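Structure file query.cif (mmCIF, C-alpha atoms) is printed below.
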data_protein
loop_
_atom_site.label_atom_id
_atom_site.label_comp_id
_atom_site.auth_asym_id
_atom_site.auth_seq_id
_atom_site.Cartn_x
_atom_site.Cartn_y
_atom_site.Cartn_z
CA MET A 1 103.71 20.42 -20.95
CA HIS A 2 106.45 18.83 -18.87
CA ARG A 3 106.17 21.46 -16.11
CA VAL A 4 102.42 21.01 -16.01
CA ARG A 5 102.92 17.29 -15.54
CA VAL A 6 105.43 17.75 -12.73
CA ARG A 7 102.97 20.13 -11.06
CA ILE A 8 100.11 17.62 -11.30
CA VAL A 9 102.30 14.90 -9.78
CA GLU A 10 103.38 17.21 -6.95
CA ASP A 11 99.78 18.18 -6.21
CA ALA A 12 98.74 14.51 -6.14
CA LEU A 13 101.55 13.68 -3.69
CA ASP A 14 100.58 16.66 -1.49
CA ALA A 15 96.97 15.49 -1.41
CA ASN A 16 98.17 11.98 -0.58
CA ASN A 17 100.27 13.24 2.34
CA THR A 18 97.29 15.07 3.80
CA ILE A 19 95.22 11.88 3.80
CA ALA A 20 98.19 9.89 5.14
CA ARG A 21 98.30 12.25 8.15
CA ALA A 22 94.59 11.67 8.74
CA ASN A 23 95.21 7.90 8.67
CA ARG A 24 98.07 8.36 11.10
CA ASP A 25 95.83 10.28 13.50
CA ASP A 26 93.34 7.41 13.46
CA PHE A 27 96.09 4.85 14.06
CA ASP A 28 97.45 6.99 16.92
CA ARG A 29 94.02 7.30 18.50
CA HIS A 30 93.84 3.51 18.69
CA GLY A 31 97.50 3.07 19.72
CA VAL A 32 98.22 1.03 16.61
CA SER A 33 101.73 0.94 15.08
CA VAL A 34 101.83 0.50 11.32
CA ALA A 35 104.45 -1.04 9.04
CA ASN A 36 104.24 -0.63 5.26
CA LEU A 37 105.72 -3.76 3.64
CA MET A 38 106.99 -3.26 0.09
CA GLY A 39 108.95 -5.23 -2.50
CA ALA A 40 108.89 -6.68 -6.01
CA PRO A 41 106.32 -9.32 -7.02
CA GLY A 42 107.49 -12.66 -5.64
CA ALA A 43 110.07 -11.22 -3.21
CA GLY A 44 108.39 -13.21 -0.44
CA LYS A 45 106.42 -10.57 1.46
CA THR A 46 103.49 -12.88 2.25
CA ALA A 47 105.80 -15.81 3.04
CA LEU A 48 107.66 -13.68 5.60
CA LEU A 49 104.38 -12.65 7.21
CA GLU A 50 103.36 -16.31 7.43
CA ARG A 51 106.58 -16.89 9.37
CA VAL A 52 106.44 -14.01 11.84
CA LEU A 53 102.86 -12.95 12.55
CA HIS A 54 101.75 -15.89 14.65
CA ASP A 55 104.26 -15.20 17.40
CA LEU A 56 105.03 -11.56 18.12
CA GLY A 57 105.42 -11.98 21.87
CA GLY A 58 102.10 -10.54 22.99
CA VAL A 59 101.87 -7.91 20.26
CA ARG A 60 98.51 -8.38 18.54
CA ALA A 61 98.97 -8.08 14.77
CA GLY A 62 96.59 -7.42 11.90
CA VAL A 63 97.17 -7.30 8.15
CA LEU A 64 95.89 -5.11 5.34
CA GLU A 65 96.53 -6.98 2.10
CA GLY A 66 96.96 -4.84 -1.02
CA ASP A 67 96.61 -6.64 -4.34
CA VAL A 68 95.75 -5.61 -7.87
CA GLN A 69 93.27 -8.45 -8.03
CA GLY A 70 92.17 -11.53 -6.13
CA SER A 71 92.63 -12.52 -2.50
CA LEU A 72 95.22 -15.31 -2.73
CA ASP A 73 97.54 -13.73 -0.14
CA ALA A 74 94.73 -13.00 2.30
CA GLU A 75 93.64 -16.65 2.04
CA ARG A 76 97.21 -17.77 2.77
CA LEU A 77 97.30 -15.60 5.89
CA ALA A 78 93.88 -16.70 7.15
CA SER A 79 95.36 -19.75 8.86
CA LEU A 80 97.45 -17.50 11.12
CA HIS A 81 94.32 -16.41 12.99
CA VAL A 82 95.12 -12.72 12.77
CA PRO A 83 92.58 -10.28 11.31
CA VAL A 84 93.23 -9.83 7.58
CA THR A 85 91.53 -7.16 5.47
CA GLN A 86 91.69 -7.35 1.68
CA LEU A 87 92.16 -4.25 -0.45
CA GLN A 88 92.04 -4.52 -4.23
CA THR A 89 93.43 -1.76 -6.44
CA SER A 90 91.73 -2.97 -9.64
CA VAL A 91 88.33 -1.53 -8.73
CA GLY A 92 87.25 1.06 -11.29
CA PHE A 93 90.00 0.78 -13.88
CA GLY A 94 93.08 -1.16 -15.00
CA GLY A 95 94.56 -1.58 -11.55
CA GLU A 96 96.82 0.66 -9.51
CA CYS A 97 100.42 -0.51 -9.09
CA HIS A 98 100.63 0.76 -5.51
CA LEU A 99 98.57 1.59 -2.44
CA ASP A 100 97.95 5.22 -1.63
CA ALA A 101 96.68 6.91 1.52
CA ASN A 102 93.14 7.18 0.17
CA MET A 103 92.85 3.46 -0.57
CA VAL A 104 94.08 2.66 2.93
CA ARG A 105 91.62 5.22 4.34
CA SER A 106 88.75 3.50 2.53
CA ALA A 107 89.72 0.22 4.21
CA LEU A 108 89.95 1.61 7.77
CA PRO A 109 86.33 0.82 8.73
CA SER A 110 87.04 -2.87 7.97
CA ILE A 111 90.14 -3.07 10.18
CA PRO A 112 89.55 -3.91 13.89
CA LEU A 113 91.92 -1.20 15.15
CA GLU A 114 90.72 -1.59 18.74
CA ALA A 115 91.82 -5.26 18.76
CA ILE A 116 95.38 -4.91 17.43
CA ASP A 117 98.69 -3.27 18.37
CA LEU A 118 100.45 -3.62 15.04
CA LEU A 119 99.07 -3.34 11.50
CA VAL A 120 101.18 -4.63 8.65
CA ILE A 121 100.14 -3.22 5.29
CA GLU A 122 101.34 -5.48 2.48
CA ASN A 123 101.71 -3.24 -0.54
CA VAL A 124 101.30 -4.21 -4.21
CA GLY A 125 104.38 -5.99 -5.58
CA ASN A 126 106.34 -3.21 -7.28
CA LEU A 127 109.78 -1.61 -6.84
CA VAL A 128 108.83 1.87 -8.06
CA CYS A 129 105.57 3.60 -7.12
CA PRO A 130 104.82 2.29 -3.61
CA ALA A 131 107.90 4.21 -2.44
CA GLU A 132 106.27 7.50 -3.47
CA PHE A 133 103.05 7.17 -1.48
CA ARG A 134 102.99 7.36 2.31
CA VAL A 135 99.88 5.73 3.77
CA GLY A 136 100.16 6.85 7.41
CA GLU A 137 102.71 4.24 8.51
CA ASP A 138 105.33 4.45 11.27
CA ALA A 139 107.92 2.47 9.36
CA ARG A 140 108.49 1.12 5.89
CA VAL A 141 110.07 -2.27 5.36
CA MET A 142 111.21 -3.40 1.94
CA VAL A 143 111.82 -7.01 1.02
CA ALA A 144 114.38 -7.87 -1.66
CA ALA A 145 115.31 -11.40 -2.76
CA VAL A 146 118.66 -12.83 -3.79
CA THR A 147 116.97 -14.16 -6.95
CA GLU A 148 116.34 -10.58 -8.14
CA GLY A 149 120.06 -9.84 -8.57
CA GLU A 150 122.56 -7.74 -6.66
CA ASP A 151 122.10 -4.71 -8.96
CA LYS A 152 118.62 -3.78 -7.74
CA PRO A 153 119.56 -1.10 -5.14
CA LEU A 154 121.27 0.91 -7.89
CA LYS A 155 118.44 0.33 -10.39
CA TYR A 156 115.55 1.15 -8.04
CA PRO A 157 117.21 3.54 -5.54
CA LEU A 158 114.05 5.33 -4.39
CA MET A 159 112.58 2.11 -3.00
CA PHE A 160 115.75 1.25 -1.06
CA ARG A 161 115.87 4.84 0.21
CA ALA A 162 112.22 5.05 1.26
CA CYS A 163 112.39 2.52 4.09
CA GLU A 164 113.68 2.04 7.62
CA LEU A 165 114.57 -1.64 7.13
CA VAL A 166 115.77 -3.64 4.12
CA VAL A 167 115.20 -7.39 4.32
CA LEU A 168 117.16 -9.69 2.00
CA ASN A 169 115.05 -12.82 1.59
CA LYS A 170 115.65 -16.27 0.01
CA ILE A 171 119.24 -16.58 1.25
CA ASP A 172 118.71 -20.37 1.13
CA LEU A 173 119.10 -19.99 -2.67
CA LEU A 174 122.52 -18.27 -2.46
CA PRO A 175 124.42 -21.45 -3.46
CA TYR A 176 122.42 -21.66 -6.71
CA VAL A 177 122.41 -18.07 -7.97
CA ASP A 178 125.09 -15.52 -8.92
CA PHE A 179 124.58 -13.07 -6.09
CA ASP A 180 127.34 -11.36 -4.12
CA VAL A 181 125.83 -10.33 -0.75
CA GLU A 182 128.72 -7.96 -0.07
CA ARG A 183 128.20 -6.14 -3.36
CA TRP A 184 124.44 -5.95 -2.80
CA ALA A 185 125.01 -4.51 0.70
CA GLN A 186 127.41 -1.92 -0.73
CA GLY A 187 124.72 -0.91 -3.21
CA VAL A 188 122.15 -0.57 -0.42
CA GLN A 189 124.50 1.59 1.66
CA ALA A 190 125.40 3.68 -1.39
CA VAL A 191 121.77 4.72 -1.95
CA HIS A 192 120.72 4.71 1.73
CA PRO A 193 123.69 5.13 4.09
CA GLY A 194 123.17 3.58 7.51
CA VAL A 195 119.89 1.78 6.78
CA ALA A 196 119.34 -1.42 8.79
CA THR A 197 119.44 -4.70 6.83
CA LEU A 198 118.41 -8.23 7.76
CA LEU A 199 119.28 -11.44 5.87
CA MET A 200 116.75 -14.26 6.01
CA SER A 201 114.91 -17.13 4.42
CA ALA A 202 111.17 -17.46 4.77
CA ARG A 203 111.58 -21.02 3.45
CA THR A 204 114.07 -22.34 6.02
CA GLY A 205 113.24 -19.88 8.79
CA GLU A 206 116.85 -18.65 8.99
CA GLY A 207 117.02 -15.10 10.33
CA VAL A 208 113.27 -14.88 10.83
CA THR A 209 113.59 -14.22 14.56
CA ALA A 210 115.35 -10.92 13.86
CA LEU A 211 112.44 -9.67 11.73
CA ARG A 212 109.95 -10.85 14.34
CA ASP A 213 111.84 -8.93 17.05
CA TRP A 214 112.04 -5.83 14.87
CA LEU A 215 108.28 -5.85 14.20
CA ALA A 216 107.38 -6.69 17.79
CA ALA A 217 109.48 -3.74 19.01
CA LEU A 218 107.76 -1.27 16.69
CA PRO A 219 105.00 -0.25 19.17
CA GLU A 220 107.63 0.26 21.89
CA ARG A 221 110.00 2.27 19.64
CA ARG A 222 107.08 4.38 18.61
CA MET A 223 106.19 5.30 22.17
CA VAL A 224 109.79 6.25 22.90
CA GLU A 225 109.88 8.53 19.87
CA ALA A 226 106.51 10.13 20.58
CA MET B 1 85.50 12.07 -8.19
CA HIS B 2 85.93 8.44 -9.14
CA ARG B 3 84.34 8.93 -12.57
CA VAL B 4 86.57 11.91 -13.24
CA ARG B 5 89.60 9.81 -12.44
CA VAL B 6 88.52 6.99 -14.75
CA ARG B 7 87.97 9.57 -17.48
CA ILE B 8 91.45 11.06 -17.01
CA VAL B 9 93.01 7.59 -17.20
CA GLU B 10 91.04 6.74 -20.36
CA ASP B 11 92.06 10.00 -22.01
CA ALA B 12 95.71 9.35 -21.15
CA LEU B 13 95.53 5.86 -22.66
CA ASP B 14 93.85 7.24 -25.81
CA ALA B 15 96.59 9.83 -26.21
CA ASN B 16 99.18 7.10 -25.67
CA ASN B 17 97.64 4.92 -28.38
CA THR B 18 97.77 7.78 -30.88
CA ILE B 19 101.49 8.26 -30.29
CA ALA B 20 102.04 4.48 -30.35
CA ARG B 21 100.52 4.40 -33.85
CA ALA B 22 102.91 7.17 -34.94
CA ASN B 23 105.82 5.11 -33.60
CA ARG B 24 104.49 2.09 -35.45
CA ASP B 25 104.39 4.09 -38.71
CA ASP B 26 108.04 5.05 -38.24
CA PHE B 27 109.02 1.45 -37.51
CA ASP B 28 107.06 0.29 -40.58
CA ARG B 29 108.73 2.86 -42.81
CA HIS B 30 112.11 1.40 -41.83
CA GLY B 31 110.94 -2.22 -41.96
CA VAL B 32 111.76 -2.73 -38.29
CA SER B 33 109.89 -5.29 -36.18
CA VAL B 34 109.50 -4.41 -32.52
CA ALA B 35 109.16 -6.59 -29.43
CA ASN B 36 108.19 -5.06 -26.07
CA LEU B 37 109.87 -7.12 -23.32
CA MET B 38 108.16 -6.91 -19.93
CA GLY B 39 108.45 -8.60 -16.53
CA ALA B 40 109.06 -8.06 -12.82
CA PRO B 41 112.36 -6.63 -11.53
CA GLY B 42 114.91 -9.43 -11.58
CA ALA B 43 112.90 -11.80 -13.81
CA GLY B 44 115.95 -12.03 -16.08
CA LYS B 45 114.97 -9.85 -19.05
CA THR B 46 118.49 -8.53 -19.62
CA ALA B 47 120.06 -11.95 -19.01
CA LEU B 48 117.81 -13.46 -21.71
CA LEU B 49 118.80 -10.72 -24.15
CA GLU B 50 122.47 -11.42 -23.41
CA ARG B 51 121.79 -15.02 -24.44
CA VAL B 52 119.85 -14.47 -27.66
CA LEU B 53 120.76 -11.18 -29.32
CA HIS B 54 124.23 -12.08 -30.58
CA ASP B 55 122.96 -14.80 -32.88
CA LEU B 56 119.60 -14.20 -34.54
CA GLY B 57 120.48 -15.86 -37.83
CA GLY B 58 121.04 -12.78 -39.94
CA VAL B 59 118.38 -10.66 -38.25
CA ARG B 60 120.08 -7.43 -37.14
CA ALA B 61 118.89 -6.54 -33.64
CA GLY B 62 118.93 -3.34 -31.61
CA VAL B 63 117.84 -2.63 -28.04
CA LEU B 64 116.04 0.24 -26.35
CA GLU B 65 116.74 -0.07 -22.62
CA GLY B 66 114.12 1.39 -20.30
CA ASP B 67 115.21 1.99 -16.71
CA VAL B 68 114.08 4.24 -13.89
CA GLN B 69 117.67 5.26 -13.31
CA GLY B 70 121.21 4.36 -14.36
CA SER B 71 122.50 2.42 -17.34
CA LEU B 72 123.61 -0.88 -15.79
CA ASP B 73 121.62 -3.02 -18.24
CA ALA B 74 122.80 -1.06 -21.28
CA GLU B 75 126.40 -1.55 -20.11
CA ARG B 76 125.81 -5.30 -19.77
CA LEU B 77 124.48 -5.45 -23.34
CA ALA B 78 127.27 -3.33 -24.83
CA SER B 79 129.52 -6.39 -25.19
CA LEU B 80 127.01 -7.97 -27.61
CA HIS B 81 127.92 -5.42 -30.28
CA VAL B 82 124.33 -4.52 -31.07
CA PRO B 83 123.18 -0.89 -30.93
CA VAL B 84 121.78 -0.11 -27.47
CA THR B 85 119.91 3.11 -26.67
CA GLN B 86 119.30 4.07 -23.03
CA LEU B 87 116.01 5.60 -21.92
CA GLN B 88 115.59 6.76 -18.31
CA THR B 89 112.15 7.38 -16.85
CA SER B 90 113.43 9.31 -13.81
CA VAL B 91 113.96 12.55 -15.74
CA GLY B 92 111.79 15.32 -14.31
CA PHE B 93 110.20 13.63 -11.31
CA GLY B 94 110.18 10.54 -9.11
CA GLY B 95 110.50 8.03 -11.91
CA GLU B 96 107.88 6.38 -14.09
CA CYS B 97 107.24 2.69 -13.46
CA HIS B 98 106.71 1.92 -17.15
CA LEU B 99 107.56 3.09 -20.65
CA ASP B 100 104.89 4.86 -22.66
CA ALA B 101 104.64 5.67 -26.35
CA ASN B 102 105.85 9.23 -25.85
CA MET B 103 109.04 8.17 -24.07
CA VAL B 104 109.79 5.71 -26.85
CA ARG B 105 109.03 8.43 -29.41
CA SER B 106 111.54 10.75 -27.73
CA ALA B 107 114.20 8.06 -28.11
CA LEU B 108 113.56 7.33 -31.82
CA PRO B 109 116.16 9.81 -33.14
CA SER B 110 118.84 7.93 -31.16
CA ILE B 111 117.94 4.51 -32.57
CA PRO B 112 119.63 3.51 -35.88
CA LEU B 113 116.40 2.20 -37.44
CA GLU B 114 117.98 1.96 -40.89
CA ALA B 115 120.62 -0.48 -39.57
CA ILE B 116 118.38 -2.98 -37.75
CA ASP B 117 115.56 -5.43 -38.53
CA LEU B 118 114.39 -6.06 -34.98
CA LEU B 119 114.16 -3.67 -32.04
CA VAL B 120 113.72 -5.14 -28.57
CA ILE B 121 112.37 -2.62 -26.07
CA GLU B 122 113.22 -3.71 -22.54
CA ASN B 123 110.55 -2.17 -20.34
CA VAL B 124 110.91 -1.09 -16.69
CA GLY B 125 110.71 -4.04 -14.30
CA ASN B 126 107.06 -4.06 -13.18
CA LEU B 127 104.12 -6.49 -13.44
CA VAL B 128 101.36 -3.87 -13.57
CA CYS B 129 101.60 -0.65 -15.59
CA PRO B 130 103.76 -1.63 -18.60
CA ALA B 131 100.85 -3.84 -19.72
CA GLU B 132 98.61 -0.78 -20.06
CA PHE B 133 100.80 1.22 -22.43
CA ARG B 134 101.38 0.18 -26.04
CA VAL B 135 104.53 1.74 -27.46
CA GLY B 136 104.13 0.83 -31.15
CA GLU B 137 105.36 -2.75 -30.89
CA ASP B 138 104.43 -5.78 -33.03
CA ALA B 139 104.54 -8.21 -30.15
CA ARG B 140 104.77 -8.19 -26.38
CA VAL B 141 106.84 -10.78 -24.55
CA MET B 142 106.61 -11.18 -20.79
CA VAL B 143 109.26 -12.87 -18.70
CA ALA B 144 108.27 -14.61 -15.47
CA ALA B 145 110.64 -16.51 -13.17
CA VAL B 146 110.07 -19.66 -11.13
CA THR B 147 111.42 -17.77 -8.10
CA GLU B 148 108.43 -15.41 -8.22
CA GLY B 149 105.95 -18.15 -7.34
CA GLU B 150 103.30 -20.03 -9.29
CA ASP B 151 100.50 -17.69 -8.19
CA LYS B 152 101.60 -14.69 -10.26
CA PRO B 153 99.33 -15.20 -13.34
CA LEU B 154 96.28 -14.98 -11.06
CA LYS B 155 97.65 -12.03 -9.09
CA TYR B 156 98.77 -9.95 -12.09
CA PRO B 157 96.39 -11.16 -14.84
CA LEU B 158 96.57 -8.06 -17.06
CA MET B 159 100.31 -8.55 -17.63
CA PHE B 160 99.89 -12.22 -18.57
CA ARG B 161 97.01 -11.26 -20.86
CA ALA B 162 98.75 -8.36 -22.59
CA CYS B 163 101.38 -10.41 -24.41
CA GLU B 164 101.83 -12.80 -27.29
CA LEU B 165 104.47 -14.93 -25.54
CA VAL B 166 105.05 -15.85 -21.90
CA VAL B 167 108.58 -16.96 -21.02
CA LEU B 168 109.18 -18.86 -17.78
CA ASN B 169 112.80 -18.21 -16.84
CA LYS B 170 115.17 -19.65 -14.18
CA ILE B 171 113.96 -23.25 -14.57
CA ASP B 172 117.44 -24.31 -13.38
CA LEU B 173 116.22 -23.32 -9.88
CA LEU B 174 113.14 -25.60 -9.95
CA PRO B 175 114.77 -28.24 -7.68
CA TYR B 176 115.30 -25.60 -4.97
CA VAL B 177 111.98 -23.73 -4.90
CA ASP B 178 108.35 -24.68 -4.29
CA PHE B 179 107.00 -24.12 -7.79
CA ASP B 180 104.60 -26.40 -9.64
CA VAL B 181 105.08 -25.71 -13.38
CA GLU B 182 101.80 -27.44 -14.21
CA ARG B 183 99.86 -25.24 -11.81
CA TRP B 184 101.60 -22.10 -13.09
CA ALA B 185 100.75 -23.07 -16.69
CA GLN B 186 97.12 -23.63 -15.69
CA GLY B 187 97.06 -20.14 -14.21
CA VAL B 188 98.52 -18.67 -17.39
CA GLN B 189 95.94 -20.44 -19.57
CA ALA B 190 93.14 -19.41 -17.20
CA VAL B 191 93.87 -15.70 -17.67
CA HIS B 192 95.06 -15.93 -21.30
CA PRO B 193 93.74 -19.04 -23.07
CA GLY B 194 95.95 -20.27 -25.89
CA VAL B 195 98.94 -17.98 -25.28
CA ALA B 196 102.31 -19.43 -26.25
CA THR B 197 104.71 -20.26 -23.40
CA LEU B 198 108.41 -21.12 -23.36
CA LEU B 199 110.39 -22.58 -20.45
CA MET B 200 114.04 -21.64 -20.19
CA SER B 201 117.09 -20.73 -18.16
CA ALA B 202 119.24 -17.77 -19.11
CA ARG B 203 121.83 -19.16 -16.69
CA THR B 204 122.27 -22.64 -18.20
CA GLY B 205 121.08 -21.78 -21.71
CA GLU B 206 118.34 -24.43 -21.59
CA GLY B 207 115.46 -23.55 -23.91
CA VAL B 208 117.14 -20.39 -25.13
CA THR B 209 117.13 -21.53 -28.77
CA ALA B 210 113.33 -21.47 -28.81
CA LEU B 211 113.24 -17.82 -27.75
CA ARG B 212 115.94 -16.97 -30.29
CA ASP B 213 113.90 -18.63 -33.06
CA TRP B 214 110.73 -16.86 -31.94
CA LEU B 215 112.40 -13.43 -32.02
CA ALA B 216 114.25 -14.14 -35.28
CA ALA B 217 110.95 -15.10 -36.93
CA LEU B 218 109.20 -11.89 -35.85
CA PRO B 219 110.13 -9.87 -38.99
CA GLU B 220 108.92 -12.74 -41.19
CA ARG B 221 105.65 -13.27 -39.28
CA ARG B 222 105.02 -9.56 -39.51
CA MET B 223 105.33 -9.53 -43.30
CA VAL B 224 102.93 -12.46 -43.60
CA GLU B 225 100.37 -10.66 -41.44
CA ALA B 226 100.73 -7.33 -43.28
#
Mind turning the file's structure into C-alpha cells?
Amino acid sequence: MHRVRVRIVEDALDANNTIARANRDDFDRHGVSVANLMGAPGAGKTALLERVLHDLGGVRAGVLEGDVQGSLDAERLASLHVPVTQLQTSVGFGGECHLDANMVRSALPSIPLEAIDLLVIENVGNLVCPAEFRVGEDARVMVAAVTEGEDKPLKYPLMFRACELVVLNKIDLLPYVDFDVERWAQGVQAVHPGVATLLMSARTGEGVTALRDWLAALPERRMVEA
Amino acid sequence: MHRVRVRIVEDALDANNTIARANRDDFDRHGVSVANLMGAPGAGKTALLERVLHDLGGVRAGVLEGDVQGSLDAERLASLHVPVTQLQTSVGFGGECHLDANMVRSALPSIPLEAIDLLVIENVGNLVCPAEFRVGEDARVMVAAVTEGEDKPLKYPLMFRACELVVLNKIDLLPYVDFDVERWAQGVQAVHPGVATLLMSARTGEGVTALRDWLAALPERRMVEA
C-alpha cells in the first residue's frame, strides 16, 4: 500500500517535470526569464511585488497570480501597470494548495510573453507542496517573515532548500516579536548551505532595492548560464 | 482526464471519512474529546497551546503534534507536563502538507487515551488541505494572525468555513501592522456566517482565558450533544 503510494507520487512528479520542461521551452522561445515566488500565506509576497515591479530598470515584468480562490492579489497589482494573469486552483474540486506545471501551462495563452522579459509566478501561500512542483522557472524565490518565527527553516526544510534566494520580510516588526535573525540564518544555512538571503520590509521599503536588483539581473544571469 | 481526477479525489476523501469515523469510535470509547487545531505556519498554534494546556480546570489534556519534519513543537510542549505524541508526515516521501485520518489512526497506540479527557491535534501549518481531511475530531479550531493580513478569509475560504471556532492571534502587534479587525471579521462572517471568533495574544496572554474556557468546555458540550 505504502509502496504503491510512493510510486504514484513519483509518477506524478515525473509527469509534472515533463510539462515543466515544455513550459521552459516556451519561455526560452520568447526570451522570458521566470521566477517562482513561494512562501506561507501572509508572508508578504504580493506586497513585495507591489514594491519592486514598477521599476526594474528597463526589464519588462509580468505576473502570473496563483490563488486558491478570488483575485484580490491580481487587483492589488493592477495599479502597477504590468500585465497580470490570474490562475485559480479551486476550479473543479476543493482547491489545490500549490501550482503545478500543468496549471501554469493552461495559463500560457493568457500571458503576453512577447511583451515581457521577466515573469514572476506568485505561488499559492503554502510552505510545503509548492516546493515539490517545478513549473518551468529559472529561479525560485521564497519569502519568509519574521512574524512566522525563527524555527521555520528547520520545520519546513524542503521549501528553504528548493530555492535560489530566501527573502526575510517584515524586518520592521523585529522590535516587537521574539525573533533572533542570527538563529534564523543559521537554520537556513543548516538546511541549505550557501543559499543567498536578503532582509527587507515591504512596509518601510528597507532592503527592497536588493530584491529589485536581483530580479532585474535574472534575464542577464540566465543568458550567461545558457 | 479532469473528471477522473475529481473522482480520485472524491474516493480518497470518502476513504478518509471512513477511517475518521473509526478514530471517532475509539475516542468515544475512551470518553476523549478531540479538537483539530489548524492554521498557517507561524500563526501561533503551539504558542497558544503553551498558554492554555497547563490549566484547563481539571480537564486532562494531551497533544498529538503533526509536523512535516522534526519535533521542535513537541519539545516546546514537553515542559507543560501533558502527554505529547509526535507524528511526522515526511515518512516515505516528500512530506504531506496535512494530517489525514489514517495518520492519526497510526498514532493512536502511542496516545494514552485512558489518561486524558481532551486531545488537541495540532495540524501541519497550512491554510488549504488540512480543512479537507476530517481526522475524527469533535471540533475544529483555526488560528489566524493579524500579521497574515485581513484578506485571508476571502483568499482561503474553505479553511475559515471548516471550523467551529476562529481565533485571531497576535493582537499585540495591531499597532504595528496594517490590519483592520472589523474588515477581517466581516470577511470571516461572509465565508462562514455565525462562526464564533476569539481575539487574543499568546505573547501577552490577552484573551487567552476565553480559549482556555472554550477548550475546557468541549468535553461537557460533547456530552450534551450526544
task: Just say which residues the PyMOL selection byres ((chain B) within 10 of (chain A)) picks in this file, as number ranges by chain.
output: B: 2-3, 5-7, 9-10, 39-44, 67-73, 92-98, 124-129, 131-132, 145-152, 154-158, 170, 172-173, 176-178, 203
Could you save those same residues with C-alpha atoms as a PDB file, keeping the file's coordinate frame?
ATOM      1  CA  HIS B   2      85.930   8.440  -9.140  1.00  0.00           C
ATOM      2  CA  ARG B   3      84.340   8.930 -12.570  1.00  0.00           C
ATOM      3  CA  ARG B   5      89.600   9.810 -12.440  1.00  0.00           C
ATOM      4  CA  VAL B   6      88.520   6.990 -14.750  1.00  0.00           C
ATOM      5  CA  ARG B   7      87.970   9.570 -17.480  1.00  0.00           C
ATOM      6  CA  VAL B   9      93.010   7.590 -17.200  1.00  0.00           C
ATOM      7  CA  GLU B  10      91.040   6.740 -20.360  1.00  0.00           C
ATOM      8  CA  GLY B  39     108.450  -8.600 -16.530  1.00  0.00           C
ATOM      9  CA  ALA B  40     109.060  -8.060 -12.820  1.00  0.00           C
ATOM     10  CA  PRO B  41     112.360  -6.630 -11.530  1.00  0.00           C
ATOM     11  CA  GLY B  42     114.910  -9.430 -11.580  1.00  0.00           C
ATOM     12  CA  ALA B  43     112.900 -11.800 -13.810  1.00  0.00           C
ATOM     13  CA  GLY B  44     115.950 -12.030 -16.080  1.00  0.00           C
ATOM     14  CA  ASP B  67     115.210   1.990 -16.710  1.00  0.00           C
ATOM     15  CA  VAL B  68     114.080   4.240 -13.890  1.00  0.00           C
ATOM     16  CA  GLN B  69     117.670   5.260 -13.310  1.00  0.00           C
ATOM     17  CA  GLY B  70     121.210   4.360 -14.360  1.00  0.00           C
ATOM     18  CA  SER B  71     122.500   2.420 -17.340  1.00  0.00           C
ATOM     19  CA  LEU B  72     123.610  -0.880 -15.790  1.00  0.00           C
ATOM     20  CA  ASP B  73     121.620  -3.020 -18.240  1.00  0.00           C
ATOM     21  CA  GLY B  92     111.790  15.320 -14.310  1.00  0.00           C
ATOM     22  CA  PHE B  93     110.200  13.630 -11.310  1.00  0.00           C
ATOM     23  CA  GLY B  94     110.180  10.540  -9.110  1.00  0.00           C
ATOM     24  CA  GLY B  95     110.500   8.030 -11.910  1.00  0.00           C
ATOM     25  CA  GLU B  96     107.880   6.380 -14.090  1.00  0.00           C
ATOM     26  CA  CYS B  97     107.240   2.690 -13.460  1.00  0.00           C
ATOM     27  CA  HIS B  98     106.710   1.920 -17.150  1.00  0.00           C
ATOM     28  CA  VAL B 124     110.910  -1.090 -16.690  1.00  0.00           C
ATOM     29  CA  GLY B 125     110.710  -4.040 -14.300  1.00  0.00           C
ATOM     30  CA  ASN B 126     107.060  -4.060 -13.180  1.00  0.00           C
ATOM     31  CA  LEU B 127     104.120  -6.490 -13.440  1.00  0.00           C
ATOM     32  CA  VAL B 128     101.360  -3.870 -13.570  1.00  0.00           C
ATOM     33  CA  CYS B 129     101.600  -0.650 -15.590  1.00  0.00           C
ATOM     34  CA  ALA B 131     100.850  -3.840 -19.720  1.00  0.00           C
ATOM     35  CA  GLU B 132      98.610  -0.780 -20.060  1.00  0.00           C
ATOM     36  CA  ALA B 145     110.640 -16.510 -13.170  1.00  0.00           C
ATOM     37  CA  VAL B 146     110.070 -19.660 -11.130  1.00  0.00           C
ATOM     38  CA  THR B 147     111.420 -17.770  -8.100  1.00  0.00           C
ATOM     39  CA  GLU B 148     108.430 -15.410  -8.220  1.00  0.00           C
ATOM     40  CA  GLY B 149     105.950 -18.150  -7.340  1.00  0.00           C
ATOM     41  CA  GLU B 150     103.300 -20.030  -9.290  1.00  0.00           C
ATOM     42  CA  ASP B 151     100.500 -17.690  -8.190  1.00  0.00           C
ATOM     43  CA  LYS B 152     101.600 -14.690 -10.260  1.00  0.00           C
ATOM     44  CA  LEU B 154      96.280 -14.980 -11.060  1.00  0.00           C
ATOM     45  CA  LYS B 155      97.650 -12.030  -9.090  1.00  0.00           C
ATOM     46  CA  TYR B 156      98.770  -9.950 -12.090  1.00  0.00           C
ATOM     47  CA  PRO B 157      96.390 -11.160 -14.840  1.00  0.00           C
ATOM     48  CA  LEU B 158      96.570  -8.060 -17.060  1.00  0.00           C
ATOM     49  CA  LYS B 170     115.170 -19.650 -14.180  1.00  0.00           C
ATOM     50  CA  ASP B 172     117.440 -24.310 -13.380  1.00  0.00           C
ATOM     51  CA  LEU B 173     116.220 -23.320  -9.880  1.00  0.00           C
ATOM     52  CA  TYR B 176     115.300 -25.600  -4.970  1.00  0.00           C
ATOM     53  CA  VAL B 177     111.980 -23.730  -4.900  1.00  0.00           C
ATOM     54  CA  ASP B 178     108.350 -24.680  -4.290  1.00  0.00           C
ATOM     55  CA  ARG B 203     121.830 -19.160 -16.690  1.00  0.00           C
TER      56      ARG B 203
END
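If you look at atom CA of Gly207 of chain A and atom CA of Val135 of chain A, they are 27.8 Å away from each other.
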For this session: Check what the PyMOL selection byres ((chain B and resi 101) around 9) selects in the file above and give those residues as a ChimeraX atom specification.
Result: /B:16-23,99-100,102-106,133-136
Problem set entry | Residue members of the PyMOL selection byres ((chain B and resi 193) around 12) in the file shown, as a ChimeraX atom specification | /B:153,157,160-166,185-192,194-197
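Note that the spacing between atom CA of Gln86 of chain A and atom CA of Leu64 of chain A amounts to 6.0 Å.
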